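File shown: query21.pdb (PDB, C-alpha atoms, pLDDT in the B column).
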ATOM      1  CA  THR A   1     -26.267  22.882 -12.803  1.00 51.00           C
ATOM      2  CA  GLY A   2     -27.612  22.917  -9.253  1.00 57.00           C
ATOM      3  CA  GLN A   3     -26.232  19.424  -8.598  1.00 56.00           C
ATOM      4  CA  VAL A   4     -25.359  18.761  -4.954  1.00 54.00           C
ATOM      5  CA  LEU A   5     -21.565  18.581  -4.825  1.00 56.00           C
ATOM      6  CA  LYS A   6     -21.290  17.896  -1.114  1.00 54.00           C
ATOM      7  CA  SER A   7     -23.636  17.025   1.699  1.00 50.00           C
ATOM      8  CA  ASP A   8     -22.677  16.227   5.289  1.00 53.00           C
ATOM      9  CA  TRP A   9     -24.506  15.398   8.487  1.00 46.00           C
ATOM     10  CA  GLU A  10     -22.724  16.006  11.760  1.00 45.00           C
ATOM     11  CA  MET A  11     -24.186  15.489  15.209  1.00 40.00           C
ATOM     12  CA  ASP A  12     -22.407  16.134  18.483  1.00 40.00           C
ATOM     13  CA  ASP A  13     -25.016  14.491  20.688  1.00 42.00           C
ATOM     14  CA  GLY A  14     -24.684  10.894  19.515  1.00 40.00           C
ATOM     15  CA  GLY A  15     -27.662  11.123  17.144  1.00 41.00           C
ATOM     16  CA  GLN A  16     -27.876   8.876  14.127  1.00 39.00           C
ATOM     17  CA  ALA A  17     -28.184   9.962  10.519  1.00 41.00           C
ATOM     18  CA  SER A  18     -30.421   7.956   8.242  1.00 38.00           C
ATOM     19  CA  ALA A  19     -29.547   6.718   4.749  1.00 34.00           C
ATOM     20  CA  GLY A  20     -31.407   9.733   3.351  1.00 44.00           C
ATOM     21  CA  GLY A  21     -28.841  12.058   4.898  1.00 48.00           C
ATOM     22  CA  THR A  22     -30.953  13.425   7.732  1.00 50.00           C
ATOM     23  CA  ALA A  23     -31.619  12.575  11.343  1.00 51.00           C
ATOM     24  CA  ASP A  24     -35.144  11.750  12.447  1.00 60.00           C
ATOM     25  CA  GLY A  25     -37.411  14.741  11.956  1.00 80.00           C
ATOM     26  CA  ALA A  26     -34.923  16.759   9.897  1.00 89.00           C
ATOM     27  CA  ILE A  27     -35.540  18.159   6.438  1.00 95.00           C
ATOM     28  CA  THR A  28     -33.960  16.319   3.504  1.00 95.00           C
ATOM     29  CA  VAL A  29     -31.055  17.535   1.381  1.00 95.00           C
ATOM     30  CA  ALA A  30     -33.492  18.075  -1.504  1.00 95.00           C
ATOM     31  CA  ARG A  31     -35.813  20.157   0.695  1.00 96.00           C
ATOM     32  CA  ALA A  32     -32.909  22.236   2.030  1.00 96.00           C
ATOM     33  CA  LYS A  33     -31.854  23.009  -1.542  1.00 96.00           C
ATOM     34  CA  GLU A  34     -35.428  23.878  -2.515  1.00 97.00           C
ATOM     35  CA  LEU A  35     -35.872  26.243   0.439  1.00 97.00           C
ATOM     36  CA  ALA A  36     -32.565  28.048  -0.133  1.00 97.00           C
ATOM     37  CA  LEU A  37     -33.254  28.488  -3.846  1.00 98.00           C
ATOM     38  CA  GLN A  38     -36.732  29.790  -3.061  1.00 97.00           C
ATOM     39  CA  ALA A  39     -35.289  32.292  -0.573  1.00 97.00           C
ATOM     40  CA  ALA A  40     -32.763  33.458  -3.182  1.00 97.00           C
ATOM     41  CA  GLY A  41     -35.385  33.686  -5.924  1.00 97.00           C
ATOM     42  CA  LEU A  42     -33.304  31.413  -8.145  1.00 97.00           C
ATOM     43  CA  THR A  43     -33.770  28.146  -9.988  1.00 97.00           C
ATOM     44  CA  GLU A  44     -31.528  25.104  -9.940  1.00 95.00           C
ATOM     45  CA  ASP A  45     -30.145  25.781 -13.415  1.00 96.00           C
ATOM     46  CA  GLN A  46     -28.943  29.263 -12.368  1.00 97.00           C
ATOM     47  CA  ILE A  47     -26.540  28.043  -9.670  1.00 97.00           C
ATOM     48  CA  TYR A  48     -23.371  25.997  -9.256  1.00 97.00           C
ATOM     49  CA  GLY A  49     -21.103  24.836  -6.429  1.00 96.00           C
ATOM     50  CA  LEU A  50     -23.963  23.744  -4.178  1.00 96.00           C
ATOM     51  CA  ASP A  51     -22.771  22.665  -0.703  1.00 96.00           C
ATOM     52  CA  ILE A  52     -25.181  21.455   1.992  1.00 96.00           C
ATOM     53  CA  ASP A  53     -24.073  20.672   5.562  1.00 95.00           C
ATOM     54  CA  PHE A  54     -26.200  19.548   8.487  1.00 95.00           C
ATOM     55  CA  ASP A  55     -24.796  20.440  11.907  1.00 94.00           C
ATOM     56  CA  ARG A  56     -25.680  21.695  15.390  1.00 93.00           C
ATOM     57  CA  ASP A  57     -25.464  25.361  16.359  1.00 92.00           C
ATOM     58  CA  ASP A  58     -25.907  26.083  20.075  1.00 92.00           C
ATOM     59  CA  GLY A  59     -27.804  22.797  20.437  1.00 92.00           C
ATOM     60  CA  ARG A  60     -30.122  23.520  17.497  1.00 94.00           C
ATOM     61  CA  ALA A  61     -30.080  21.283  14.416  1.00 95.00           C
ATOM     62  CA  VAL A  62     -29.238  23.503  11.444  1.00 96.00           C
ATOM     63  CA  CYS A  63     -28.604  23.106   7.754  1.00 96.00           C
ATOM     64  CA  GLU A  64     -26.120  25.366   6.009  1.00 97.00           C
ATOM     65  CA  VAL A  65     -26.621  25.779   2.269  1.00 97.00           C
ATOM     66  CA  GLU A  66     -24.099  27.567   0.039  1.00 97.00           C
ATOM     67  CA  PHE A  67     -24.053  28.084  -3.719  1.00 97.00           C
ATOM     68  CA  ARG A  68     -22.899  30.526  -6.358  1.00 97.00           C
ATOM     69  CA  THR A  69     -24.181  32.232  -9.461  1.00 97.00           C
ATOM     70  CA  ASP A  70     -22.043  34.006 -12.032  1.00 96.00           C
ATOM     71  CA  SER A  71     -22.386  37.229 -10.028  1.00 96.00           C
ATOM     72  CA  ALA A  72     -22.793  36.284  -6.342  1.00 97.00           C
ATOM     73  CA  LYS A  73     -22.250  33.796  -3.517  1.00 97.00           C
ATOM     74  CA  TYR A  74     -25.264  32.792  -1.414  1.00 98.00           C
ATOM     75  CA  GLU A  75     -25.196  31.352   2.105  1.00 98.00           C
ATOM     76  CA  TYR A  76     -28.244  30.252   4.079  1.00 98.00           C
ATOM     77  CA  LYS A  77     -28.620  28.756   7.537  1.00 97.00           C
ATOM     78  CA  LEU A  78     -31.891  26.859   7.925  1.00 97.00           C
ATOM     79  CA  ASP A  79     -33.524  25.282  10.940  1.00 96.00           C
ATOM     80  CA  ALA A  80     -32.998  21.604  10.075  1.00 96.00           C
ATOM     81  CA  VAL A  81     -36.377  20.586  11.493  1.00 95.00           C
ATOM     82  CA  THR A  82     -38.740  23.345  10.333  1.00 95.00           C
ATOM     83  CA  GLY A  83     -36.825  24.613   7.284  1.00 96.00           C
ATOM     84  CA  GLN A  84     -37.112  28.228   8.496  1.00 96.00           C
ATOM     85  CA  VAL A  85     -34.374  30.520   7.184  1.00 97.00           C
ATOM     86  CA  LEU A  86     -32.390  31.615  10.246  1.00 97.00           C
ATOM     87  CA  LYS A  87     -29.670  33.611   8.496  1.00 96.00           C
ATOM     88  CA  SER A  88     -28.775  34.604   4.954  1.00 96.00           C
ATOM     89  CA  ASN A  89     -25.731  36.242   3.368  1.00 93.00           C
TER
END

In structure tokens, what does this structure look like?
Amino acid sequence: TGQVLKSDWEMDDGGQASAGGTADGAITVARAKELALQAAGLTEDQIYGLDIDFDRDDGRAVCEVEFRTDSAKYEYKLDAVTGQVLKSN
């Protein structure tokens, strides 16, 4: 159904997460989902098992988005500030 099953925000530099699930300047959970679906060429009703995690990777704020369809598993790493797709599997 495309419903977010899990969303986390982790920061190792003492940063604060806001009530919306992002740190200052970061994309939202909804935007991360939108960008990953757009990159996959899918719609929300075509996926399930959506998992979105915000983290730091080598000092860079990133957002990892994972979901499944009936035939595949998708994994995207986005820049958590710009929304640029950094890696996809």

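Here CA of Val29 (chain A) and CA of Ala72 (chain A) stand 21.9 Å from one another.
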
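Distances here use all atoms listed in the file; by that measure, the residue among A:Lys73, A:Asp55, A:Val65, A:Lys87 closest to Arg31 (chain A) is A:Val65.
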
Can you list, as a ChimeraX atom specification, every protein, DNA or RNA residue that comes within 12 Å of Leu37 (chain A) when you count all atoms listed in the file, leaving out same-chain residues fewer than 5 positions away? /A:2,30-32,42-48,50,65-69,74-76,78,85,88

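Using all atoms listed in the file for every distance, the candidate list A:Ala40, A:Asn89, A:Lys33, A:Gln84 yields A:Lys33 as the residue closest to Ile52 (chain A).
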
Where atoms are missing, can you supply N, CA and C atoms for region 38-67 of chain A and output the lot as a PDB file, in the frame of the given file?
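Saved the output as part.pdb:
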ATOM      1  N   GLN A  38     -35.518  28.978  -3.157  1.00 97.00           N
ATOM      2  CA  GLN A  38     -36.732  29.790  -3.061  1.00 97.00           C
ATOM      3  C   GLN A  38     -36.421  31.119  -2.373  1.00 97.00           C
ATOM      4  N   ALA A  39     -35.650  31.070  -1.298  1.00 97.00           N
ATOM      5  CA  ALA A  39     -35.289  32.292  -0.573  1.00 97.00           C
ATOM      6  C   ALA A  39     -34.456  33.229  -1.441  1.00 97.00           C
ATOM      7  N   ALA A  40     -33.615  32.657  -2.308  1.00 97.00           N
ATOM      8  CA  ALA A  40     -32.763  33.458  -3.182  1.00 97.00           C
ATOM      9  C   ALA A  40     -33.494  33.930  -4.440  1.00 97.00           C
ATOM     10  N   GLY A  41     -34.657  33.338  -4.709  1.00 97.00           N
ATOM     11  CA  GLY A  41     -35.385  33.686  -5.924  1.00 97.00           C
ATOM     12  C   GLY A  41     -34.710  33.153  -7.170  1.00 97.00           C
ATOM     13  N   LEU A  42     -34.040  32.007  -7.030  1.00 97.00           N
ATOM     14  CA  LEU A  42     -33.304  31.413  -8.145  1.00 97.00           C
ATOM     15  C   LEU A  42     -33.828  30.017  -8.452  1.00 97.00           C
ATOM     16  N   THR A  43     -33.449  29.514  -9.611  1.00 97.00           N
ATOM     17  CA  THR A  43     -33.770  28.146  -9.988  1.00 97.00           C
ATOM     18  C   THR A  43     -32.490  27.318 -10.005  1.00 97.00           C
ATOM     19  N   GLU A  44     -32.656  26.026  -9.996  1.00 95.00           N
ATOM     20  CA  GLU A  44     -31.528  25.104  -9.940  1.00 95.00           C
ATOM     21  C   GLU A  44     -30.542  25.301 -11.090  1.00 95.00           C
ATOM     22  N   ASP A  45     -31.041  25.622 -12.265  1.00 96.00           N
ATOM     23  CA  ASP A  45     -30.145  25.781 -13.415  1.00 96.00           C
ATOM     24  C   ASP A  45     -29.376  27.102 -13.411  1.00 96.00           C
ATOM     25  N   GLN A  46     -29.648  27.985 -12.457  1.00 97.00           N
ATOM     26  CA  GLN A  46     -28.943  29.263 -12.368  1.00 97.00           C
ATOM     27  C   GLN A  46     -27.757  29.220 -11.399  1.00 97.00           C
ATOM     28  N   ILE A  47     -27.571  28.104 -10.701  1.00 97.00           N
ATOM     29  CA  ILE A  47     -26.540  28.043  -9.670  1.00 97.00           C
ATOM     30  C   ILE A  47     -25.506  26.962  -9.965  1.00 97.00           C
ATOM     31  N   TYR A  48     -24.379  27.057  -9.238  1.00 97.00           N
ATOM     32  CA  TYR A  48     -23.371  25.997  -9.256  1.00 97.00           C
ATOM     33  C   TYR A  48     -22.662  25.977  -7.908  1.00 97.00           C
ATOM     34  N   GLY A  49     -21.861  24.931  -7.669  1.00 96.00           N
ATOM     35  CA  GLY A  49     -21.103  24.836  -6.429  1.00 96.00           C
ATOM     36  C   GLY A  49     -21.950  24.643  -5.190  1.00 96.00           C
ATOM     37  N   LEU A  50     -23.047  23.947  -5.302  1.00 96.00           N
ATOM     38  CA  LEU A  50     -23.963  23.744  -4.178  1.00 96.00           C
ATOM     39  C   LEU A  50     -23.314  22.885  -3.100  1.00 96.00           C
ATOM     40  N   ASP A  51     -23.345  23.360  -1.855  1.00 96.00           N
ATOM     41  CA  ASP A  51     -22.771  22.665  -0.703  1.00 96.00           C
ATOM     42  C   ASP A  51     -23.792  22.709   0.425  1.00 96.00           C
ATOM     43  N   ILE A  52     -24.178  21.541   0.938  1.00 96.00           N
ATOM     44  CA  ILE A  52     -25.181  21.455   1.992  1.00 96.00           C
ATOM     45  C   ILE A  52     -24.591  20.682   3.162  1.00 96.00           C
ATOM     46  N   ASP A  53     -24.597  21.298   4.347  1.00 95.00           N
ATOM     47  CA  ASP A  53     -24.073  20.672   5.562  1.00 95.00           C
ATOM     48  C   ASP A  53     -25.115  20.731   6.663  1.00 95.00           C
ATOM     49  N   PHE A  54     -25.338  19.604   7.312  1.00 95.00           N
ATOM     50  CA  PHE A  54     -26.200  19.548   8.487  1.00 95.00           C
ATOM     51  C   PHE A  54     -25.292  19.526   9.709  1.00 95.00           C
ATOM     52  N   ASP A  55     -25.651  20.301  10.732  1.00 94.00           N
ATOM     53  CA  ASP A  55     -24.796  20.440  11.907  1.00 94.00           C
ATOM     54  C   ASP A  55     -25.654  20.853  13.101  1.00 94.00           C
ATOM     55  N   ARG A  56     -25.009  21.143  14.205  1.00 93.00           N
ATOM     56  CA  ARG A  56     -25.680  21.695  15.390  1.00 93.00           C
ATOM     57  C   ARG A  56     -25.067  23.049  15.681  1.00 93.00           C
ATOM     58  N   ASP A  57     -25.905  24.014  16.014  1.00 92.00           N
ATOM     59  CA  ASP A  57     -25.464  25.361  16.359  1.00 92.00           C
ATOM     60  C   ASP A  57     -26.138  25.731  17.676  1.00 92.00           C
ATOM     61  N   ASP A  58     -25.362  25.807  18.733  1.00 92.00           N
ATOM     62  CA  ASP A  58     -25.907  26.083  20.075  1.00 92.00           C
ATOM     63  C   ASP A  58     -27.022  25.110  20.438  1.00 92.00           C
ATOM     64  N   GLY A  59     -26.837  23.834  20.105  1.00 92.00           N
ATOM     65  CA  GLY A  59     -27.804  22.797  20.437  1.00 92.00           C
ATOM     66  C   GLY A  59     -28.962  22.670  19.462  1.00 92.00           C
ATOM     67  N   ARG A  60     -29.033  23.540  18.485  1.00 94.00           N
ATOM     68  CA  ARG A  60     -30.122  23.520  17.497  1.00 94.00           C
ATOM     69  C   ARG A  60     -29.628  22.846  16.216  1.00 94.00           C
ATOM     70  N   ALA A  61     -30.419  21.924  15.683  1.00 95.00           N
ATOM     71  CA  ALA A  61     -30.080  21.283  14.416  1.00 95.00           C
ATOM     72  C   ALA A  61     -30.265  22.308  13.296  1.00 95.00           C
ATOM     73  N   VAL A  62     -29.197  22.530  12.528  1.00 96.00           N
ATOM     74  CA  VAL A  62     -29.238  23.503  11.444  1.00 96.00           C
ATOM     75  C   VAL A  62     -28.728  22.867  10.157  1.00 96.00           C
ATOM     76  N   CYS A  63     -29.070  23.508   9.071  1.00 96.00           N
ATOM     77  CA  CYS A  63     -28.604  23.106   7.754  1.00 96.00           C
ATOM     78  C   CYS A  63     -28.021  24.344   7.084  1.00 96.00           C
ATOM     79  N   GLU A  64     -26.777  24.250   6.682  1.00 97.00           N
ATOM     80  CA  GLU A  64     -26.120  25.366   6.009  1.00 97.00           C
ATOM     81  C   GLU A  64     -26.044  25.056   4.518  1.00 97.00           C
ATOM     82  N   VAL A  65     -26.570  25.954   3.716  1.00 97.00           N
ATOM     83  CA  VAL A  65     -26.621  25.779   2.269  1.00 97.00           C
ATOM     84  C   VAL A  65     -25.849  26.916   1.618  1.00 97.00           C
ATOM     85  N   GLU A  66     -24.886  26.569   0.763  1.00 97.00           N
ATOM     86  CA  GLU A  66     -24.099  27.567   0.039  1.00 97.00           C
ATOM     87  C   GLU A  66     -24.110  27.232  -1.442  1.00 97.00           C
ATOM     88  N   PHE A  67     -24.165  28.266  -2.270  1.00 97.00           N
ATOM     89  CA  PHE A  67     -24.053  28.084  -3.719  1.00 97.00           C
ATOM     90  C   PHE A  67     -23.655  29.404  -4.350  1.00 97.00           C
TER      91      PHE A  67
END
